[in-house]
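Structure file query_13.cif with mmCIF, C-alpha atoms and all ligand atoms:
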data_work
#
loop_
_atom_site.label_atom_id
_atom_site.label_comp_id
_atom_site.auth_asym_id
_atom_site.auth_seq_id
_atom_site.Cartn_x
_atom_site.Cartn_y
_atom_site.Cartn_z
CA MET A 210 67.97 219.47 -14.67
CA GLY A 211 66.83 219.67 -18.24
CA SER A 212 65.78 217.63 -21.22
CA THR A 213 66.39 213.91 -21.00
CA ASN A 214 65.95 213.44 -24.71
CA GLY A 215 64.20 210.04 -24.86
CA TYR A 216 66.61 208.38 -22.41
CA ASP A 217 65.12 206.72 -19.36
CA ALA A 218 68.39 206.28 -17.45
CA LEU A 219 71.94 207.60 -17.27
CA LEU A 220 74.73 205.05 -17.04
CA VAL A 221 78.12 206.23 -15.76
CA VAL A 222 80.82 203.96 -17.19
CA SER A 223 84.27 204.00 -15.62
CA PHE A 224 87.55 202.13 -15.28
CA GLY A 225 87.03 200.77 -11.76
CA GLY A 226 89.62 200.33 -9.04
CA PRO A 227 90.38 198.19 -5.99
CA GLU A 228 88.88 199.11 -2.62
CA LYS A 229 90.90 196.84 -0.33
CA PRO A 230 94.37 195.23 -0.41
CA GLU A 231 93.10 191.79 -1.54
CA ASP A 232 91.36 193.43 -4.52
CA VAL A 233 94.55 194.86 -5.98
CA MET A 234 96.03 191.85 -7.82
CA PRO A 235 92.69 190.54 -9.19
CA PHE A 236 91.91 194.08 -10.39
CA LEU A 237 95.30 194.36 -12.10
CA GLU A 238 94.84 190.94 -13.73
CA ASN A 239 91.57 192.22 -15.18
CA VAL A 240 93.22 195.36 -16.54
CA VAL A 241 96.10 193.63 -18.29
CA ARG A 242 94.47 190.36 -19.39
CA GLY A 243 95.88 189.50 -22.83
CA ARG A 244 97.77 192.80 -23.11
CA GLY A 245 101.37 191.74 -22.75
CA VAL A 246 102.18 193.92 -19.72
CA PRO A 247 105.36 192.49 -18.13
CA ARG A 248 105.01 190.90 -14.69
CA GLU A 249 107.63 193.28 -13.21
CA ARG A 250 105.55 196.29 -14.26
CA LEU A 251 102.47 194.74 -12.68
CA LEU A 252 104.26 194.15 -9.36
CA GLU A 253 105.55 197.72 -9.42
CA VAL A 254 102.03 199.06 -9.97
CA GLU A 255 100.69 196.74 -7.28
CA ALA A 256 103.10 198.41 -4.84
CA HIS A 257 101.70 201.84 -5.81
CA TYR A 258 98.19 200.68 -4.87
CA GLN A 259 99.32 198.92 -1.68
CA GLY A 260 101.14 202.11 -0.67
CA PHE A 261 97.70 203.74 -0.64
CA GLY A 262 96.23 200.98 1.56
CA GLY A 263 95.08 198.91 -1.44
CA VAL A 264 92.41 201.50 -2.23
CA SER A 265 92.18 203.34 -5.53
CA PRO A 266 90.46 206.71 -5.22
CA ILE A 267 88.53 206.19 -8.46
CA ASN A 268 85.41 204.44 -7.15
CA ARG A 269 84.88 207.06 -4.44
CA GLN A 270 85.26 209.71 -7.14
CA CYS A 271 82.62 208.05 -9.31
CA ARG A 272 80.24 207.95 -6.33
CA ASP A 273 80.93 211.62 -5.63
CA LEU A 274 80.28 212.60 -9.24
CA ILE A 275 77.04 210.62 -9.28
CA ALA A 276 75.93 212.22 -6.00
CA ALA A 277 76.60 215.66 -7.47
CA LEU A 278 74.69 215.09 -10.73
CA ASP A 279 71.44 216.98 -11.18
CA VAL A 280 69.58 214.97 -13.82
CA ASP A 281 65.92 213.92 -14.05
CA LEU A 282 66.80 210.27 -14.58
CA PRO A 283 67.82 207.28 -12.50
CA VAL A 284 71.62 207.03 -12.54
CA TYR A 285 73.47 203.70 -12.76
CA TRP A 286 77.20 203.01 -12.59
CA GLY A 287 79.28 200.18 -14.05
CA ASN A 288 83.02 199.61 -14.49
CA ARG A 289 85.35 197.85 -16.89
CA ASN A 290 87.76 196.33 -14.38
CA TRP A 291 86.18 196.18 -10.91
CA HIS A 292 82.92 196.12 -8.97
CA PRO A 293 80.35 197.27 -9.75
CA PHE A 294 81.01 195.51 -13.07
CA LEU A 295 79.20 196.86 -16.11
CA GLU A 296 77.53 193.53 -16.83
CA ASP A 297 75.95 193.37 -13.34
CA THR A 298 74.74 196.94 -13.72
CA VAL A 299 73.24 196.32 -17.16
CA ARG A 300 71.40 193.31 -15.71
CA ARG A 301 69.97 195.49 -12.94
CA MET A 302 68.95 198.15 -15.47
CA LYS A 303 67.09 195.53 -17.47
CA GLU A 304 65.34 194.22 -14.33
CA ASP A 305 64.34 197.81 -13.49
CA GLY A 306 62.71 198.16 -16.90
CA VAL A 307 65.23 200.59 -18.44
CA ARG A 308 64.86 200.65 -22.23
CA LYS A 309 67.22 203.30 -23.49
CA ALA A 310 70.11 204.70 -21.48
CA ALA A 311 72.71 207.35 -22.21
CA ALA A 312 76.26 206.35 -21.23
CA PHE A 313 78.61 208.94 -19.76
CA VAL A 314 82.14 207.53 -19.86
CA THR A 315 84.79 208.96 -17.52
CA ALA A 316 87.22 209.39 -20.42
CA ALA A 317 87.02 212.46 -22.63
CA TYR A 318 89.13 211.55 -25.67
CA SER A 319 89.27 209.26 -28.70
CA SER A 320 91.57 206.22 -28.73
CA TYR A 321 91.14 202.49 -28.34
CA SER A 322 91.72 202.61 -24.55
CA SER A 323 89.64 205.73 -23.92
CA CYS A 324 86.76 205.15 -26.34
CA ARG A 325 86.51 201.94 -28.37
CA GLN A 326 87.35 199.70 -25.43
CA TYR A 327 84.46 201.25 -23.45
CA LEU A 328 82.13 200.69 -26.44
CA ASP A 329 83.29 197.07 -26.54
CA ASP A 330 82.71 196.76 -22.77
CA ILE A 331 79.14 198.05 -23.21
CA ALA A 332 78.52 195.71 -26.15
CA ARG A 333 79.86 192.71 -24.20
CA ALA A 334 77.75 193.52 -21.14
CA ARG A 335 74.62 193.90 -23.30
CA ALA A 336 75.34 190.64 -25.12
CA ALA A 337 75.45 188.85 -21.75
CA VAL A 338 72.04 190.19 -20.69
CA PRO A 339 69.08 189.10 -22.82
CA GLY A 340 66.68 192.02 -23.29
CA ALA A 341 69.38 194.52 -22.23
CA PRO A 342 68.49 198.19 -22.74
CA GLU A 343 69.79 200.15 -25.70
CA ILE A 344 72.83 202.15 -24.55
CA VAL A 345 73.96 205.28 -26.38
CA LYS A 346 77.44 206.57 -25.56
CA LEU A 347 77.44 210.35 -25.17
CA ARG A 348 79.94 212.26 -27.28
CA HIS A 349 83.55 213.10 -26.48
CA TYR A 350 83.63 216.16 -24.27
CA TYR A 351 87.32 217.16 -24.25
CA ASP A 352 86.44 220.57 -25.75
CA HIS A 353 83.13 221.09 -23.93
CA PRO A 354 83.02 224.51 -22.20
CA GLY A 355 82.15 222.79 -18.91
CA PHE A 356 85.24 220.56 -18.95
CA ILE A 357 87.49 223.42 -20.07
CA ALA A 358 86.10 225.85 -17.47
CA ALA A 359 86.67 223.29 -14.68
CA MET A 360 90.26 222.65 -15.79
CA ALA A 361 90.99 226.37 -16.23
CA ASP A 362 89.66 227.09 -12.73
CA HIS A 363 91.79 224.36 -11.23
CA THR A 364 94.84 225.49 -13.19
CA ARG A 365 94.45 229.05 -11.88
CA GLU A 366 94.10 227.67 -8.38
CA ALA A 367 97.32 225.63 -8.79
CA LEU A 368 99.17 228.70 -10.12
CA GLY A 369 98.02 230.46 -6.97
CA ARG A 370 99.75 227.82 -4.85
CA LEU A 371 103.17 228.64 -6.36
CA PRO A 372 105.39 231.21 -4.68
CA GLU A 373 104.22 234.63 -5.88
CA SER A 374 107.43 235.34 -7.80
CA ASP A 375 106.95 232.16 -9.88
CA ARG A 376 103.33 232.68 -10.92
CA ASP A 377 103.87 234.74 -14.05
CA ARG A 378 106.59 232.59 -15.53
CA ALA A 379 105.53 229.07 -14.50
CA ARG A 380 105.28 226.64 -17.38
CA LEU A 381 101.98 224.79 -17.81
CA VAL A 382 102.77 221.10 -18.27
CA PHE A 383 99.68 219.25 -19.45
CA THR A 384 99.76 215.49 -18.98
CA ALA A 385 97.81 212.52 -20.30
CA HIS A 386 98.14 208.74 -20.14
CA SER A 387 100.76 207.58 -22.62
CA ILE A 388 99.50 205.04 -25.14
CA PRO A 389 101.36 202.92 -27.69
CA VAL A 390 102.44 204.99 -30.71
CA SER A 391 100.50 202.58 -32.95
CA MET A 392 97.32 203.23 -30.93
CA ALA A 393 97.87 206.99 -31.19
CA ARG A 394 98.26 206.72 -34.97
CA THR A 395 94.90 205.00 -35.38
CA ALA A 396 92.91 207.07 -32.84
CA GLY A 397 89.72 208.63 -34.18
CA PRO A 398 88.20 208.53 -37.66
CA ALA A 399 91.34 209.78 -39.43
CA GLY A 400 94.07 208.82 -36.93
CA GLY A 401 95.99 211.01 -34.48
CA ALA A 402 92.82 212.12 -32.69
CA TYR A 403 93.99 211.37 -29.12
CA GLU A 404 96.94 213.73 -29.31
CA ALA A 405 95.12 216.33 -31.44
CA GLN A 406 92.19 216.47 -28.98
CA LEU A 407 94.56 216.75 -26.00
CA ARG A 408 96.39 219.64 -27.71
CA ARG A 409 93.08 221.36 -28.40
CA ALA A 410 91.95 221.02 -24.78
CA ALA A 411 95.32 222.32 -23.51
CA GLU A 412 95.10 225.28 -25.89
CA LEU A 413 91.57 226.13 -24.71
CA VAL A 414 92.55 225.92 -21.03
CA THR A 415 95.65 228.08 -21.62
CA ALA A 416 93.55 230.65 -23.47
CA GLN A 417 91.14 230.89 -20.50
CA ILE A 418 94.04 231.39 -18.12
CA GLY A 419 95.13 234.24 -20.38
CA GLU A 420 91.66 235.81 -20.16
CA ALA A 421 91.98 235.76 -16.38
CA GLY A 422 95.09 237.96 -16.71
CA LEU A 423 97.42 235.12 -15.83
CA GLY A 424 99.67 235.56 -18.82
CA GLU A 425 98.61 235.93 -22.42
CA GLY A 426 100.46 233.37 -24.50
CA ARG A 427 101.91 231.52 -21.52
CA ALA A 428 104.16 228.66 -22.63
CA TRP A 429 102.71 225.18 -22.29
CA ASP A 430 103.66 221.63 -23.21
CA LEU A 431 101.81 218.34 -23.57
CA VAL A 432 103.67 215.32 -22.19
CA TRP A 433 102.86 211.78 -21.11
CA GLN A 434 102.64 209.73 -17.96
CA SER A 435 101.91 206.23 -16.65
CA ARG A 436 103.58 204.31 -19.48
CA SER A 437 102.80 200.59 -19.39
CA GLY A 438 103.41 197.73 -21.80
CA PRO A 439 106.56 195.86 -22.78
CA PRO A 440 109.69 198.04 -23.14
CA GLN A 441 110.25 197.11 -26.83
CA VAL A 442 106.88 198.63 -27.85
CA PRO A 443 107.13 202.40 -28.49
CA TRP A 444 104.73 204.59 -26.47
CA LEU A 445 104.13 208.35 -26.65
CA GLU A 446 107.02 210.37 -25.20
CA PRO A 447 108.42 212.32 -23.42
CA ASP A 448 107.49 211.09 -19.98
CA VAL A 449 106.55 213.86 -17.58
CA CYS A 450 109.54 213.27 -15.27
CA ASP A 451 112.06 213.35 -18.14
CA HIS A 452 110.34 216.50 -19.35
CA LEU A 453 110.74 218.24 -15.98
CA GLU A 454 114.47 217.45 -16.15
CA ALA A 455 114.68 218.88 -19.67
CA LEU A 456 112.79 222.02 -18.64
CA TYR A 457 115.14 222.50 -15.71
CA ALA A 458 118.13 222.18 -18.03
CA GLU A 459 116.58 224.94 -20.19
CA GLY A 460 116.34 227.20 -17.14
CA VAL A 461 112.66 226.71 -16.25
CA ARG A 462 112.32 226.82 -12.45
CA SER A 463 108.56 226.54 -11.90
CA ALA A 464 105.70 224.61 -13.43
CA VAL A 465 102.10 223.57 -12.92
CA LEU A 466 101.13 220.03 -13.85
CA VAL A 467 97.69 219.90 -15.46
CA PRO A 468 96.37 216.32 -15.84
CA ILE A 469 94.14 217.24 -18.77
CA GLY A 470 93.93 213.58 -19.89
CA PHE A 471 91.90 212.47 -16.85
CA VAL A 472 88.65 213.48 -15.21
CA SER A 473 89.34 212.52 -11.58
CA ASP A 474 92.31 212.43 -9.20
CA HIS A 475 92.68 208.66 -9.40
CA MET A 476 95.77 206.53 -8.79
CA GLU A 477 97.60 207.52 -12.00
CA VAL A 478 97.33 211.14 -10.84
CA VAL A 479 98.04 210.77 -7.13
CA TYR A 480 100.94 208.35 -7.65
CA ASP A 481 102.53 209.20 -10.99
CA LEU A 482 102.23 212.97 -10.51
CA ASP A 483 101.94 213.68 -6.78
CA VAL A 484 104.56 211.11 -5.78
CA GLU A 485 106.88 210.52 -8.76
CA ALA A 486 106.82 213.84 -10.62
CA ALA A 487 106.78 215.73 -7.30
CA ALA A 488 109.93 213.84 -6.24
CA THR A 489 111.64 214.73 -9.52
CA ALA A 490 110.82 218.42 -9.02
CA GLU A 491 112.02 218.27 -5.42
CA LYS A 492 115.32 216.72 -6.49
CA LEU A 493 115.77 219.39 -9.17
CA GLY A 494 114.77 222.24 -6.89
CA MET A 495 111.88 223.22 -9.13
CA ALA A 496 108.67 224.80 -7.79
CA LEU A 497 105.82 222.51 -8.83
CA THR A 498 102.10 222.36 -8.10
CA ARG A 499 99.45 220.11 -9.62
CA ALA A 500 96.02 221.20 -10.80
CA SER A 501 93.04 219.10 -9.70
CA THR A 502 91.19 217.22 -12.38
CA ALA A 503 87.59 218.15 -13.25
CA GLY A 504 86.24 215.85 -10.48
CA THR A 505 83.03 217.37 -9.11
CA HIS A 506 83.65 220.92 -10.29
CA PRO A 507 80.15 222.44 -10.76
CA ARG A 508 80.74 223.20 -14.44
CA PHE A 509 81.91 219.65 -15.10
CA VAL A 510 78.88 218.29 -13.25
CA SER A 511 76.45 220.51 -15.19
CA MET A 512 78.17 219.47 -18.43
CA VAL A 513 76.79 215.95 -17.97
CA ALA A 514 73.21 217.26 -17.95
CA GLU A 515 74.01 219.40 -20.99
CA LEU A 516 75.33 216.37 -22.89
CA LEU A 517 72.11 214.49 -22.09
CA ALA A 518 70.08 217.28 -23.65
CA GLU A 519 72.04 217.25 -26.92
CA PRO A 520 70.70 215.45 -29.98
CA GLU A 521 71.66 211.80 -29.87
CA PRO A 522 75.27 211.50 -31.08
CA ALA A 523 76.07 209.52 -34.21
CA ALA A 524 77.74 206.19 -33.44
CA CYS A 525 81.49 205.97 -34.07
CA ALA A 526 82.41 204.27 -37.35
CA ALA A 527 83.34 200.62 -36.83
CA THR A 528 86.85 201.40 -38.12
CA CYS A 529 87.42 204.18 -35.58
CA CYS A 530 90.02 203.57 -32.80
CA PRO A 531 90.68 199.91 -33.68
CA ALA A 532 91.96 197.48 -31.08
CA PRO A 533 95.76 197.24 -31.14
CA VAL A 534 97.34 194.25 -32.82
CA ARG A 535 98.81 192.30 -29.92
CA PRO A 536 102.58 191.86 -30.02
CA ALA A 537 103.59 188.28 -30.75
CA ARG A 538 104.64 186.36 -27.67
CA PRO A 539 108.41 186.14 -27.35
CA PRO A 540 109.67 182.64 -28.22
CA ALA A 541 109.64 180.31 -25.20
C1 LIG A 601 94.31 206.14 -22.41
C2 LIG A 601 94.25 205.58 -21.01
C3 LIG A 601 93.54 206.10 -19.94
C4 LIG A 601 92.69 207.36 -19.95
C5 LIG A 601 91.27 207.04 -20.33
C6 LIG A 601 90.47 206.40 -19.21
O1 LIG A 601 90.38 207.01 -18.12
O2 LIG A 601 89.98 205.30 -19.40
C7 LIG A 601 93.75 205.24 -18.83
C8 LIG A 601 93.17 205.41 -17.56
C9 LIG A 601 93.41 204.64 -16.42
N1 LIG A 601 94.36 203.66 -16.28
C10 LIG A 601 94.26 203.15 -15.01
C11 LIG A 601 95.02 202.09 -14.51
C12 LIG A 601 95.85 201.26 -15.28
N2 LIG A 601 96.13 201.36 -16.60
C13 LIG A 601 96.97 200.33 -17.00
C14 LIG A 601 97.44 200.07 -18.28
C15 LIG A 601 97.14 200.81 -19.45
N3 LIG A 601 96.46 202.00 -19.52
C16 LIG A 601 96.35 202.40 -20.85
C17 LIG A 601 95.71 203.55 -21.32
C18 LIG A 601 94.90 204.39 -20.56
N4 LIG A 601 94.58 204.23 -19.22
C19 LIG A 601 97.01 201.40 -21.65
C20 LIG A 601 97.12 201.44 -23.15
C21 LIG A 601 97.51 200.43 -20.77
C22 LIG A 601 98.26 199.15 -21.12
C23 LIG A 601 97.40 197.94 -21.02
C24 LIG A 601 96.26 198.00 -22.01
O3 LIG A 601 96.53 197.95 -23.22
O4 LIG A 601 95.12 198.13 -21.54
C25 LIG A 601 97.25 199.53 -15.84
C26 LIG A 601 98.09 198.26 -15.84
C27 LIG A 601 99.33 198.42 -15.05
C28 LIG A 601 100.27 199.46 -15.63
O5 LIG A 601 100.07 200.65 -15.35
O6 LIG A 601 101.22 199.07 -16.31
C29 LIG A 601 96.56 200.12 -14.77
C30 LIG A 601 96.51 199.66 -13.32
C31 LIG A 601 93.20 203.84 -14.31
C32 LIG A 601 92.74 203.53 -12.86
C33 LIG A 601 93.45 204.37 -11.86
C34 LIG A 601 92.99 204.01 -10.48
O7 LIG A 601 92.92 202.82 -10.12
O8 LIG A 601 92.72 204.93 -9.71
C35 LIG A 601 92.68 204.76 -15.19
C36 LIG A 601 91.55 205.70 -14.95
FE FE A 602 95.65 203.03 -17.83
#
Kindly present the structure from the file in structure tokens form.
Amino acid sequence: MGSTNGYDALLVVSFGGPEKPEDVMPFLENVVRGRGVPRERLLEVEAHYQGFGGVSPINRQCRDLIAALDVDLPVYWGNRNWHPFLEDTVRRMKEDGVRKAAAFVTAAYSSYSSCRQYLDDIARARAAVPGAPEIVKLRHYYDHPGFIAAMADHTREALGRLPESDRDRARLVFTAHSIPVSMARTAGPAGGAYEAQLRRAAELVTAQIGEAGLGEGRAWDLVWQSRSGPPQVPWLEPDVCDHLEALYAEGVRSAVLVPIGFVSDHMEVVYDLDVEAAATAEKLGMALTRASTAGTHPRFVSMVAELLAEPEPAACAATCCPAPVRPARPPA
């Protein structure tokens, strides 16, 4: 609990995910609408979701976070790609008499996909609801002590799950969602912010591990996962699985995956890391554990209340994190 700073509601904004098998394809169509993701990729990803019973963990995780929050405000929740849709939530907020809400987005970093697109989602939802409340997006929190403490705790815990003899020398492999190289170049006010912020967060987490006596100056890397898009468009590399192979070739025999780019253990984490990267490590004979994301760690939960109490953040410049220029359609 604490100051609510002139806000009369908190709005949690997230990605959304399917909750039953029939939801999977319509959800995926929403995600990739107009984005040139090849059909084969979509069918592959559909199979990942169906392998988990057609249920993404992300909605449950949003509900859990909301249940854990200790704020003196009514809390609402709306998604980009699946129910509860942001527009429906904004309509309900208006009907409830909300006038000015703070938005907590479940993405910590700057980039079109992780920041601007959420701002656009909020703007579109408000435009569809006459008399919609004002909605102020809270600041990026990738370097907030609450986020870092949660990730450091979970990284220590994952180190503890390695065989004892591997703990001191295990490599920390931080991962984040790959994005197109062009999107990475234009992220943030001066470009390059997505990668720079991820590096900063990884550095801060590694430093806290060092303070806990788990290896001053332990080696770490930042690599990418969950690449989408057409194959001819360059995305950030290396992919986490290729990186594990390269590490093995260098003689590294143990690692901890730290999904610093995400805030809950959603499908990209439980499939791309716990299934795919785990299989790569198994094949190589490498000891590998995966740190939990921030989730409902108490310090991450209390961070939300702390963000609410901060002075209202300045809006992003209109030129920040621009939408990608869509690749031309291949000739028919
Ligand atoms: C930066 C970033 C984040 C982190 C910030 C944030 O958290 O928002 C993120 C999160 C997520 N991405 C998710 C799922 C998907 N992302 C896709 C596709 C894409 N992601 C992109 C970027 C990001 N994505 C991009 C540039 C694309 C290409 C299409 C486009 O330009 O938009 C696709 C399409 C199929 C495919 O993977 O090819 C799916 C299904 C889920 C839900 C998981 C669940 O259901 O549990 C979450 C949290
Ligand atoms: Fe994604």
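Residues in contact with Tyr480 of chain A at up to 10 Å, not including ones fewer than 4 positions away on its chain and judged by only C-alpha atoms, are Val254, His257, Tyr258, Gly260, Phe261, Ser435, Asp474, His475, Met476, Val484, Glu485, Ala486 and Ala487 of chain A.
A straight line drawn from atom CA of Trp433 of chain A to atom CA of Ser387 of chain A is 4.9 Å long.
Nearest to Ala496 of chain A of all the residues A:Leu368, A:Ala518, A:Val467, A:Ala526 is A:Leu368, based on only C-alpha atoms.
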- [ ] Residues up to 8 Å from ligand FE 602 (chain A), counting all atoms listed in the file: could you list those as a PyMOL selection string?
- [x] chain A and resi 322+386+435+437+477
Task: Distance of atom CA of Val479 of chain A from atom C26 of ligand LIG 601 (chain A), expressed in Å to one decimal place - done: 15.2 Å
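Candidate residues A:Pro389, A:Gly263, A:Gly504, A:Pro235 were compared for distance to Ser473 of chain A, and the nearest is A:Gly504, using all atoms listed in the file.
Restricting the calculation to all atoms listed in the file, the smallest distance between Phe224 of chain A and any of A:Arg365, A:His506, A:Arg244, A:His292 is found for A:His292.
The space separating atom CA of Ala396 of chain A from atom CA of Tyr318 of chain A comes to 9.3 Å.
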So that I can see what lies close to Trp286 of chain A, please list as a short mmCIF file (atom, residue, chain, number, x, y, z; two decimals) with C-alpha atoms, keeping the file's coordinate frame the residues with an atom at most 8 Å from it, counting all atoms listed in the file and leaving out residues fewer than 5 positions away in the same chain.
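So the final result, stored in part32.cif, reads:
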data_model
loop_
_atom_site.label_atom_id
_atom_site.label_comp_id
_atom_site.auth_asym_id
_atom_site.auth_seq_id
_atom_site.Cartn_x
_atom_site.Cartn_y
_atom_site.Cartn_z
CA LEU A 220 74.73 205.05 -17.04
CA VAL A 221 78.12 206.23 -15.76
CA VAL A 222 80.82 203.96 -17.19
CA SER A 223 84.27 204.00 -15.62
CA PRO A 293 80.35 197.27 -9.75
CA LEU A 295 79.20 196.86 -16.11
CA THR A 298 74.74 196.94 -13.72
#
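Closest to ligand LIG 601 (chain A) among A:Gln270, A:Ser511, A:Asn214, A:Thr315 is A:Thr315, based on only C-alpha atoms and all ligand atoms.
Distances from A:Leu456, A:Leu381, A:Leu466, A:Ile388 to ligand LIG 601 (chain A) were compared using only C-alpha atoms and all ligand atoms, and the smallest one belongs to A:Ile388.
For segment 354-358 of chain A, the non-local neighbours within 6 Å, defined as residues at least 5 positions apart in the same chain or in other chains and counting only C-alpha atoms, are Val414, Arg508, Phe509 and Met512 of chain A.
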Pull C-alpha atoms from the residues just selected and write them as a compact mmCIF listing (two decimals), keeping the file's coordinate frame.
# COMPACT_ATOMS: atom_id res chain seq x y z
CA VAL A 414 92.55 225.92 -21.03
CA ARG A 508 80.74 223.20 -14.44
CA PHE A 509 81.91 219.65 -15.10
CA MET A 512 78.17 219.47 -18.43
Give as a JSON list (two decimals) with C-alpha atoms, keeping the file's coordinate frame the set of residues within 7 Å of the point (106.2, 209.9, -23.4), where distances use the file's coordinates and all atoms listed in the file.
[["chain", "number", "residue", "atom", "x", "y", "z"],
["A", 387, "SER", "CA", 100.76, 207.58, -22.62],
["A", 432, "VAL", "CA", 103.67, 215.32, -22.19],
["A", 433, "TRP", "CA", 102.86, 211.78, -21.11],
["A", 434, "GLN", "CA", 102.64, 209.73, -17.96],
["A", 444, "TRP", "CA", 104.73, 204.59, -26.47],
["A", 445, "LEU", "CA", 104.13, 208.35, -26.65],
["A", 446, "GLU", "CA", 107.02, 210.37, -25.20],
["A", 447, "PRO", "CA", 108.42, 212.32, -23.42],
["A", 448, "ASP", "CA", 107.49, 211.09, -19.98]]
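Of the listed residues (A:Asn288, A:Thr213, A:Pro531, A:Arg378), A:Asn288 comes nearest to Asn239 of chain A; the distances count all atoms listed in the file.
Residues surrounding Arg394 of chain A within 10 Å are A:Ser320, A:Pro389, A:Val390, A:Ser391, A:Gly397, A:Ala399, A:Gly400, A:Gly401, A:Ala402, A:Tyr403, A:Glu404, A:Cys530 [all atoms listed in the file; sequence separation below 3 positions excluded].
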Task: Contact residues around Leu407 of chain A with all atoms listed in the file at 8 Å, ignoring same-chain residues under 4 positions, as a ChimeraX atom specification - done: /A:318,351,385,403,411,431,469-470
Axis-aligned box over every listed atom of segment 238-243 of chain A, padded by 8 Å per side: centre and edges in Å to one decimal, as JSON?
{"center_x": 93.8, "center_y": 192.4, "center_z": -18.3, "size_x": 20.5, "size_y": 21.9, "size_z": 25.1}
Since the input lacks some atoms of segment 449-461 of chain A, please model N, CA and C atoms and print them as an mmCIF file, keeping the file's coordinate frame.
data_model
loop_
_atom_site.group_PDB
_atom_site.id
_atom_site.type_symbol
_atom_site.label_atom_id
_atom_site.label_comp_id
_atom_site.auth_asym_id
_atom_site.auth_seq_id
_atom_site.Cartn_x
_atom_site.Cartn_y
_atom_site.Cartn_z
ATOM 1 N N VAL A 449 106.597 212.612 -18.337
ATOM 2 C CA VAL A 449 106.550 213.860 -17.580
ATOM 3 C C VAL A 449 107.810 214.099 -16.740
ATOM 4 N N CYS A 450 108.364 213.054 -16.131
ATOM 5 C CA CYS A 450 109.540 213.270 -15.270
ATOM 6 C C CYS A 450 110.764 213.650 -16.099
ATOM 7 N N ASP A 451 110.956 212.969 -17.238
ATOM 8 C CA ASP A 451 112.060 213.350 -18.140
ATOM 9 C C ASP A 451 111.867 214.785 -18.621
ATOM 10 N N HIS A 452 110.622 215.144 -18.856
ATOM 11 C CA HIS A 452 110.340 216.500 -19.350
ATOM 12 C C HIS A 452 110.687 217.551 -18.305
ATOM 13 N N LEU A 453 110.386 217.270 -17.038
ATOM 14 C CA LEU A 453 110.740 218.240 -15.980
ATOM 15 C C LEU A 453 112.247 218.434 -15.943
ATOM 16 N N GLU A 454 112.998 217.342 -16.116
ATOM 17 C CA GLU A 454 114.470 217.450 -16.150
ATOM 18 C C GLU A 454 114.921 218.320 -17.322
ATOM 19 N N ALA A 455 114.302 218.100 -18.483
ATOM 20 C CA ALA A 455 114.680 218.880 -19.670
ATOM 21 C C ALA A 455 114.343 220.353 -19.482
ATOM 22 N N LEU A 456 113.175 220.623 -18.892
ATOM 23 C CA LEU A 456 112.790 222.020 -18.640
ATOM 24 C C LEU A 456 113.800 222.685 -17.704
ATOM 25 N N TYR A 457 114.184 221.952 -16.676
ATOM 26 C CA TYR A 457 115.140 222.500 -15.710
ATOM 27 C C TYR A 457 116.445 222.856 -16.415
ATOM 28 N N ALA A 458 116.885 221.945 -17.282
ATOM 29 C CA ALA A 458 118.130 222.180 -18.030
ATOM 30 C C ALA A 458 118.031 223.416 -18.924
ATOM 31 N N GLU A 459 116.798 223.728 -19.363
ATOM 32 C CA GLU A 459 116.580 224.940 -20.190
ATOM 33 C C GLU A 459 116.466 226.196 -19.340
ATOM 34 N N GLY A 460 116.431 226.034 -18.012
ATOM 35 C CA GLY A 460 116.340 227.200 -17.140
ATOM 36 C C GLY A 460 114.957 227.442 -16.541
ATOM 37 N N VAL A 461 114.001 226.555 -16.835
ATOM 38 C CA VAL A 461 112.660 226.710 -16.250
ATOM 39 C C VAL A 461 112.720 226.275 -14.790
#
